[in-house]
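Next comes entry.cif, a file with mmCIF, C-alpha atoms.
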```cif
data_structure
loop_
_atom_site.label_atom_id
_atom_site.label_comp_id
_atom_site.auth_asym_id
_atom_site.auth_seq_id
_atom_site.Cartn_x
_atom_site.Cartn_y
_atom_site.Cartn_z
CA GLN A 275 13.17 24.99 53.52
CA LYS A 276 12.48 27.78 51.03
CA GLU A 277 15.46 29.41 49.37
CA VAL A 278 14.16 32.84 50.35
CA GLU A 279 12.15 33.51 53.49
CA GLN A 280 10.11 36.66 54.02
CA ASP A 281 7.58 37.41 56.71
CA PRO A 282 4.26 37.91 54.89
CA GLY A 283 2.94 40.27 57.54
CA PRO A 284 0.62 42.08 57.40
CA LEU A 285 2.57 45.00 58.79
CA SER A 286 0.74 48.17 59.76
CA VAL A 287 2.51 51.35 60.90
CA PRO A 288 1.54 55.01 61.35
CA GLU A 289 2.48 57.60 58.76
CA GLY A 290 5.97 58.96 59.25
CA ALA A 291 7.32 55.82 60.89
CA ILE A 292 10.47 54.05 59.78
CA VAL A 293 9.65 50.71 58.22
CA SER A 294 12.02 47.76 58.24
CA LEU A 295 11.45 44.84 55.90
CA ASN A 296 13.67 41.78 55.85
CA CYS A 297 14.47 38.60 54.00
CA THR A 298 16.77 35.71 54.76
CA TYR A 299 18.11 33.26 52.26
CA SER A 300 19.93 29.97 52.27
CA ASN A 301 21.83 29.88 48.98
CA SER A 302 25.22 31.57 49.23
CA ALA A 303 25.42 31.72 45.42
CA PHE A 304 23.00 34.66 45.33
CA GLN A 305 24.85 37.82 44.34
CA TYR A 306 22.18 40.24 43.16
CA PHE A 307 19.48 41.44 45.49
CA MET A 308 16.38 43.39 44.64
CA TRP A 309 13.36 44.88 46.31
CA TYR A 310 10.12 45.23 44.41
CA ARG A 311 6.93 47.03 45.30
CA GLN A 312 3.66 45.59 44.08
CA TYR A 313 0.33 47.34 44.29
CA SER A 314 -2.79 45.24 44.22
CA ARG A 315 -3.37 43.55 40.85
CA LYS A 316 -0.34 45.20 39.28
CA GLY A 317 3.06 43.98 38.22
CA PRO A 318 6.05 44.44 40.55
CA GLU A 319 8.00 47.67 40.31
CA LEU A 320 11.74 47.68 40.98
CA LEU A 321 12.71 49.80 43.98
CA MET A 322 16.29 48.87 44.75
CA TYR A 323 18.98 46.78 43.11
CA THR A 324 22.13 45.82 45.00
CA TYR A 325 25.13 43.72 44.12
CA SER A 326 26.85 41.80 46.91
CA SER A 327 27.11 43.18 50.44
CA GLY A 328 26.69 46.77 51.46
CA ASN A 329 24.21 49.60 51.64
CA LYS A 330 22.44 51.53 48.93
CA GLU A 331 20.31 54.59 49.43
CA ASP A 332 17.73 56.15 47.12
CA GLY A 333 15.62 58.90 48.58
CA ARG A 334 13.60 57.54 51.48
CA PHE A 335 14.66 53.96 50.73
CA THR A 336 17.78 52.19 51.96
CA ALA A 337 18.70 48.64 51.05
CA GLN A 338 21.20 46.65 53.08
CA VAL A 339 22.78 43.33 52.21
CA ASP A 340 24.73 41.22 54.67
CA LYS A 341 25.99 38.20 52.75
CA SER A 342 27.77 36.76 55.77
CA SER A 343 24.44 36.47 57.55
CA LYS A 344 22.44 35.83 54.38
CA TYR A 345 20.16 38.67 55.36
CA ILE A 346 18.83 41.62 53.43
CA SER A 347 16.78 44.59 54.55
CA LEU A 348 14.81 47.47 53.13
CA PHE A 349 14.23 50.57 55.22
CA ILE A 350 11.61 53.16 54.39
CA ARG A 351 11.97 56.51 56.13
CA ASP A 352 9.15 58.99 56.61
CA SER A 353 6.64 56.42 55.41
CA GLN A 354 3.63 57.67 53.48
CA PRO A 355 0.18 56.16 52.89
CA SER A 356 1.17 55.83 49.23
CA ASP A 357 3.86 53.36 50.35
CA SER A 358 1.12 50.90 51.26
CA ALA A 359 1.75 47.88 49.05
CA THR A 360 3.28 44.44 49.07
CA TYR A 361 7.08 44.46 49.13
CA LEU A 362 8.89 41.53 47.59
CA CYS A 363 12.52 40.71 47.96
CA ALA A 364 14.17 38.90 45.07
CA MET A 365 17.61 37.60 44.33
CA SER A 366 19.57 35.93 41.60
CA LYS A 367 22.85 34.15 41.11
CA GLY A 368 23.99 36.25 38.22
CA GLY A 369 22.95 39.13 36.08
CA GLY A 370 24.10 42.06 34.05
CA ILE A 371 26.52 41.19 31.33
CA GLN A 372 26.76 37.67 32.68
CA GLY A 373 23.39 36.91 31.24
CA ALA A 374 19.89 36.78 32.63
CA GLN A 375 19.44 34.58 35.65
CA LYS A 376 16.07 33.73 37.05
CA LEU A 377 14.88 35.55 40.13
CA VAL A 378 13.85 33.82 43.32
CA PHE A 379 11.24 35.79 45.22
CA GLY A 380 10.30 35.99 48.83
CA GLN A 381 6.67 35.61 49.75
CA GLY A 382 6.15 39.36 50.01
CA THR A 383 5.23 41.52 53.00
CA ARG A 384 1.93 43.39 52.94
CA LEU A 385 2.54 46.86 54.35
CA THR A 386 -0.08 49.41 55.33
CA ILE A 387 0.80 52.97 56.29
CA ASN A 388 -1.99 54.52 58.31
CA PRO A 389 -2.61 58.29 57.96
CA GLY B 26 12.90 53.76 31.99
CA ALA B 27 12.32 50.34 30.53
CA VAL B 28 8.68 49.41 29.96
CA VAL B 29 7.00 46.10 29.28
CA SER B 30 3.47 46.35 27.96
CA GLN B 31 1.30 43.35 28.83
CA HIS B 32 -2.13 42.64 27.37
CA PRO B 33 -4.83 41.89 28.14
CA SER B 34 -4.97 43.08 31.74
CA ARG B 35 -8.01 40.97 32.45
CA VAL B 36 -9.62 38.10 30.60
CA ILE B 37 -12.49 35.76 31.34
CA CYS B 38 -12.75 32.64 29.25
CA LYS B 39 -14.78 29.48 29.17
CA SER B 40 -13.29 26.20 30.29
CA GLY B 41 -11.64 24.38 27.40
CA THR B 42 -10.75 27.46 25.39
CA SER B 43 -7.31 28.96 24.85
CA VAL B 44 -6.07 32.37 25.90
CA LYS B 45 -3.08 34.29 24.59
CA ILE B 46 -1.21 36.84 26.67
CA GLU B 47 1.22 39.25 25.01
CA CYS B 48 4.19 41.08 26.42
CA ARG B 49 6.03 43.73 24.46
CA SER B 50 9.20 45.49 25.50
CA LEU B 51 8.71 49.07 24.37
CA ASP B 52 12.11 50.70 24.70
CA PHE B 53 14.56 47.86 25.05
CA GLN B 54 15.25 44.49 23.54
CA ALA B 55 14.15 41.74 25.89
CA THR B 56 16.68 39.04 25.13
CA THR B 57 15.15 36.97 27.89
CA MET B 58 11.55 36.89 29.04
CA PHE B 59 10.36 35.26 32.23
CA TRP B 60 6.77 34.19 32.82
CA TYR B 61 5.33 33.98 36.32
CA ARG B 62 2.03 33.15 37.89
CA GLN B 63 0.86 34.51 41.19
CA PHE B 64 -1.98 33.22 43.33
CA PRO B 65 -3.73 35.57 45.78
CA LYS B 66 -1.51 36.66 48.67
CA GLN B 67 1.33 34.54 47.39
CA SER B 68 4.60 35.33 45.74
CA LEU B 69 5.55 35.04 42.10
CA MET B 70 6.28 31.54 40.92
CA LEU B 71 8.45 31.24 37.85
CA MET B 72 6.81 29.17 35.14
CA ALA B 73 9.30 29.38 32.30
CA THR B 74 12.22 31.27 30.84
CA SER B 75 12.43 32.06 27.16
CA ASN B 76 15.28 33.41 25.10
CA GLU B 77 14.61 35.03 21.77
CA GLY B 78 14.63 32.48 18.99
CA SER B 79 14.95 29.48 21.31
CA LYS B 80 12.56 27.08 22.96
CA ALA B 81 11.42 28.04 26.42
CA THR B 82 12.78 26.33 29.51
CA TYR B 83 10.00 25.30 31.86
CA GLU B 84 10.21 24.96 35.60
CA GLN B 85 9.52 21.62 37.18
CA GLY B 86 5.84 20.84 37.33
CA VAL B 87 4.82 23.28 34.57
CA GLU B 88 3.24 21.60 31.57
CA LYS B 89 4.92 22.87 28.43
CA ASP B 90 2.12 21.62 26.20
CA LYS B 91 -0.42 23.55 28.24
CA PHE B 92 1.50 26.79 28.58
CA LEU B 93 2.89 27.57 25.15
CA ILE B 94 5.52 30.28 25.06
CA ASN B 95 6.71 32.02 21.93
CA HIS B 96 9.56 34.52 21.88
CA ALA B 97 10.03 35.06 18.18
CA SER B 98 11.39 38.60 18.39
CA LEU B 99 13.39 40.71 20.80
CA THR B 100 10.35 42.82 21.63
CA LEU B 101 7.50 40.32 21.78
CA SER B 102 6.81 37.22 23.83
CA THR B 103 3.50 35.43 24.18
CA LEU B 104 2.06 32.91 26.61
CA THR B 105 -0.86 30.81 25.44
CA VAL B 106 -2.84 28.89 28.03
CA THR B 107 -4.35 26.02 26.08
CA SER B 108 -7.54 24.19 27.06
CA ALA B 109 -7.87 26.38 30.12
CA HIS B 110 -9.52 25.05 33.24
CA PRO B 111 -10.71 26.83 36.39
CA GLU B 112 -7.55 25.83 38.24
CA ASP B 113 -5.58 27.87 35.70
CA SER B 114 -7.25 31.02 37.00
CA SER B 115 -4.43 33.17 38.29
CA PHE B 116 -2.45 36.36 37.79
CA TYR B 117 0.14 35.93 35.05
CA ILE B 118 3.10 38.32 34.83
CA CYS B 119 5.92 38.58 32.36
CA SER B 120 9.33 40.08 32.99
CA GLY B 121 11.84 41.13 30.41
CA LYS B 122 15.58 41.43 30.80
CA GLU B 123 18.04 43.01 28.44
CA THR B 124 21.26 41.10 28.63
CA GLN B 125 23.28 42.55 25.80
CA SER B 126 24.07 45.93 27.28
CA GLY B 127 24.46 44.72 30.83
CA ARG B 128 21.67 46.90 32.20
CA SER B 129 20.62 45.79 35.60
CA GLY B 130 17.10 44.99 36.70
CA TYR B 131 14.18 43.08 35.37
CA THR B 132 11.17 44.95 34.02
CA PHE B 133 7.76 43.52 34.75
CA GLY B 134 4.56 43.82 32.82
CA SER B 135 1.42 44.94 34.61
CA GLY B 136 0.01 41.43 34.74
CA THR B 137 -2.98 39.58 33.32
CA ARG B 138 -5.75 38.34 35.55
CA LEU B 139 -7.15 35.18 34.00
CA THR B 140 -10.46 33.81 35.16
CA VAL B 141 -11.64 30.53 33.70
CA VAL B 142 -15.34 29.82 34.17
#
```
Starting from the file, give its structure as structure tokens.
Amino acid sequence: QKEVEQDPGPLSVPEGAIVSLNCTYSNSAFQYFMWYRQYSRKGPELLMYTYSSGNKEDGRFTAQVDKSSKYISLFIRDSQPSDSATYLCAMSKGGGIQGAQKLVFGQGTRLTINP
Amino acid sequence: GAVVSQHPSRVICKSGTSVKIECRSLDFQATTMFWYRQFPKQSLMLMATSNEGSKATYEQGVEKDKFLINHASLTLSTLTVTSAHPEDSSFYICSGKETQSGRSGYTFGSGTRLTVV
């Protein structure tokens, strides 16, 4: 069993739709949760960074973490064609002033927003 | 925001030759640098972790003598693929993290597509 599971998709939705992306994980030691967006042949770009359980909102993006269920989500409101990319969830056991901890990535979900 | 500059973006080399990939943190000190490889339609797989001034720590199954990592300064880390073979063709990405100030997040380079012919 992988430490982080993510449906690879592909996921295709019409412009303006609300997109829901999810990851589950098995290691309860994970404390930091991230969502990255990766365009084709480019490096990942950090979208959201969350510590422990709860919600975090940034513009059209909302990240949710439910540690009790070991489940994280990313919601994209009013989706745009420019949101078409691969979205990767990532998590780590420690970070910040505790020192760098390696990230464990999900497989990534390929998302296409159709005009 | 934090930027990691990675070069080259694409490289084609002959089998048996070596290739060096550079990652520079432009506006922060990357105390730790992570090196990943990514095959098409797959996720990032961590190859090694390097801390400035120390030897890199390699993940299980990654040959340290084949993938040489140098992190001699807080702003520069290099990955050298030695005696490259076609199976080494992949997308290599570095990621820098500043640990001294406690800033969150990991900054990724733009990646290097290596093709070995």
Residues matched by the PyMOL selection byres ((chain A) within 10 of (chain B)), written as JSON, numbers by chain: {"A": [282, 306, 307, 308, 312, 314, 315, 316, 317, 318, 319, 320, 321, 322, 323, 324, 325, 360, 362, 363, 364, 369, 370, 371, 372, 373, 374, 375, 376, 377, 378, 379, 380, 381, 382, 383, 384]}
Residue IDs satisfying the PyMOL selection byres ((chain B and resi 98-108) around 6), as a list in words: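 On this input, the PyMOL selection byres ((chain B and resi 98-108) around 6) captures Gly41, Thr42, Ser43, Val44, Lys45, Ile46, Glu47, Cys48, Arg49, Ser50, Gln54, Ala55, Thr56, Glu77, Lys91, Phe92, Leu93, Ile94, Asn95, His96, Ala97 and Ala109 of chain B.
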Applying 10 Å and all atoms listed in the file, which residues near Gly290 in chain A remain after dropping the ones on its own chain fewer than 6 positions away? List them as a PDB file with C-alpha atoms, keeping the file's coordinate frame.
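So the final result, stored in result32.pdb, reads:
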```
ATOM      1  CA  ILE A 350      11.610  53.160  54.390  1.00  0.00           C
ATOM      2  CA  ARG A 351      11.970  56.510  56.130  1.00  0.00           C
ATOM      3  CA  ASP A 352       9.150  58.990  56.610  1.00  0.00           C
ATOM      4  CA  SER A 353       6.640  56.420  55.410  1.00  0.00           C
ATOM      5  CA  GLN A 354       3.630  57.670  53.480  1.00  0.00           C
ATOM      6  CA  PRO A 355       0.180  56.160  52.890  1.00  0.00           C
ATOM      7  CA  ILE A 387       0.800  52.970  56.290  1.00  0.00           C
ATOM      8  CA  ASN A 388      -1.990  54.520  58.310  1.00  0.00           C
ATOM      9  CA  PRO A 389      -2.610  58.290  57.960  1.00  0.00           C
TER      10      PRO A 389
END
```
Length of the CA of Ser358 in chain A to CA of Asp281 in chain A vector [Å]: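 Taking CA of Ser358 in chain A as the start and CA of Asp281 in chain A as the end point, the length is 15.9 Å.
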Atomic separation - CA of Ser343 in chain A relative to CA of Asn301 in chain A, Å: 11.1 Å
Expected selection from the PyMOL selection byres ((chain A and resi 340) around 12), given as a list in words: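 Residues picked by the PyMOL selection byres ((chain A and resi 340) around 12): Asn296, Cys297, Thr298, Tyr299, Ser302, Phe304, Gln305, Tyr306, Phe307, Thr324, Tyr325, Ser326, Ser327, Gly328, Asn329, Ala337, Gln338, Val339, Lys341, Ser342, Ser343, Lys344, Tyr345, Ile346, Ser347 and Leu348 of chain A.
Across the structure, CA of Ser294 in chain A and CA of Gly368 in chain A are spaced 26.0 Å apart.
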Sphere at (-10.1, 26.8, 35.8), radius 10 Å, counting all atoms listed in the file: residues as a list of chain:residue names: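 Residues satisfying the cut-off, written out: B:Cys38, B:Lys39, B:Ser40, B:Gly41, B:Ser108, B:Ala109, B:His110, B:Pro111, B:Glu112, B:Asp113, B:Ser114, B:Ser115, B:Leu139, B:Thr140, B:Val141, B:Val142.
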Please rebuild range 343-357 of chain A with N, CA, C and O atoms and return the result as a PDB file, keeping the file's coordinate frame.
```
ATOM      1  N   SER A 343      25.601  36.945  56.786  1.00  0.00           N
ATOM      2  CA  SER A 343      24.440  36.470  57.550  1.00  0.00           C
ATOM      3  C   SER A 343      23.312  36.003  56.653  1.00  0.00           C
ATOM      4  O   SER A 343      22.281  35.520  57.150  1.00  0.00           O
ATOM      5  N   LYS A 344      23.481  36.167  55.350  1.00  0.00           N
ATOM      6  CA  LYS A 344      22.440  35.830  54.380  1.00  0.00           C
ATOM      7  C   LYS A 344      21.134  36.546  54.741  1.00  0.00           C
ATOM      8  O   LYS A 344      20.058  35.928  54.886  1.00  0.00           O
ATOM      9  N   TYR A 345      21.264  37.856  54.841  1.00  0.00           N
ATOM     10  CA  TYR A 345      20.160  38.670  55.360  1.00  0.00           C
ATOM     11  C   TYR A 345      20.142  39.980  54.598  1.00  0.00           C
ATOM     12  O   TYR A 345      21.178  40.637  54.452  1.00  0.00           O
ATOM     13  N   ILE A 346      18.947  40.332  54.096  1.00  0.00           N
ATOM     14  CA  ILE A 346      18.830  41.620  53.430  1.00  0.00           C
ATOM     15  C   ILE A 346      17.675  42.401  54.041  1.00  0.00           C
ATOM     16  O   ILE A 346      16.724  41.801  54.562  1.00  0.00           O
ATOM     17  N   SER A 347      17.793  43.728  53.951  1.00  0.00           N
ATOM     18  CA  SER A 347      16.780  44.590  54.550  1.00  0.00           C
ATOM     19  C   SER A 347      16.441  45.744  53.617  1.00  0.00           C
ATOM     20  O   SER A 347      17.276  46.169  52.802  1.00  0.00           O
ATOM     21  N   LEU A 348      15.243  46.239  53.787  1.00  0.00           N
ATOM     22  CA  LEU A 348      14.810  47.470  53.130  1.00  0.00           C
ATOM     23  C   LEU A 348      14.224  48.360  54.201  1.00  0.00           C
ATOM     24  O   LEU A 348      13.342  47.941  54.954  1.00  0.00           O
ATOM     25  N   PHE A 349      14.752  49.594  54.274  1.00  0.00           N
ATOM     26  CA  PHE A 349      14.230  50.570  55.220  1.00  0.00           C
ATOM     27  C   PHE A 349      13.518  51.672  54.453  1.00  0.00           C
ATOM     28  O   PHE A 349      14.013  52.162  53.437  1.00  0.00           O
ATOM     29  N   ILE A 350      12.371  52.052  54.968  1.00  0.00           N
ATOM     30  CA  ILE A 350      11.610  53.160  54.390  1.00  0.00           C
ATOM     31  C   ILE A 350      11.494  54.227  55.459  1.00  0.00           C
ATOM     32  O   ILE A 350      10.914  53.984  56.526  1.00  0.00           O
ATOM     33  N   ARG A 351      12.057  55.403  55.182  1.00  0.00           N
ATOM     34  CA  ARG A 351      11.970  56.510  56.130  1.00  0.00           C
ATOM     35  C   ARG A 351      10.773  57.390  55.796  1.00  0.00           C
ATOM     36  O   ARG A 351      10.331  57.455  54.647  1.00  0.00           O
ATOM     37  N   ASP A 352      10.252  58.063  56.822  1.00  0.00           N
ATOM     38  CA  ASP A 352       9.150  58.990  56.610  1.00  0.00           C
ATOM     39  C   ASP A 352       8.054  58.338  55.751  1.00  0.00           C
ATOM     40  O   ASP A 352       7.675  58.843  54.694  1.00  0.00           O
ATOM     41  N   SER A 353       7.588  57.203  56.204  1.00  0.00           N
ATOM     42  CA  SER A 353       6.640  56.420  55.410  1.00  0.00           C
ATOM     43  C   SER A 353       5.353  57.208  55.137  1.00  0.00           C
ATOM     44  O   SER A 353       4.883  57.991  55.973  1.00  0.00           O
ATOM     45  N   GLN A 354       4.817  56.981  53.951  1.00  0.00           N
ATOM     46  CA  GLN A 354       3.630  57.670  53.480  1.00  0.00           C
ATOM     47  C   GLN A 354       2.520  56.659  53.176  1.00  0.00           C
ATOM     48  O   GLN A 354       2.802  55.511  52.834  1.00  0.00           O
ATOM     49  N   PRO A 355       1.271  57.076  53.256  1.00  0.00           N
ATOM     50  CA  PRO A 355       0.180  56.160  52.890  1.00  0.00           C
ATOM     51  C   PRO A 355       0.346  55.573  51.497  1.00  0.00           C
ATOM     52  O   PRO A 355      -0.050  54.424  51.260  1.00  0.00           O
ATOM     53  N   SER A 356       0.963  56.330  50.591  1.00  0.00           N
ATOM     54  CA  SER A 356       1.170  55.830  49.230  1.00  0.00           C
ATOM     55  C   SER A 356       2.203  54.699  49.178  1.00  0.00           C
ATOM     56  O   SER A 356       2.341  54.030  48.146  1.00  0.00           O
ATOM     57  N   ASP A 357       2.916  54.485  50.283  1.00  0.00           N
ATOM     58  CA  ASP A 357       3.860  53.360  50.350  1.00  0.00           C
ATOM     59  C   ASP A 357       3.149  52.044  50.650  1.00  0.00           C
ATOM     60  O   ASP A 357       3.773  50.982  50.626  1.00  0.00           O
TER      61      ASP A 357
END
```
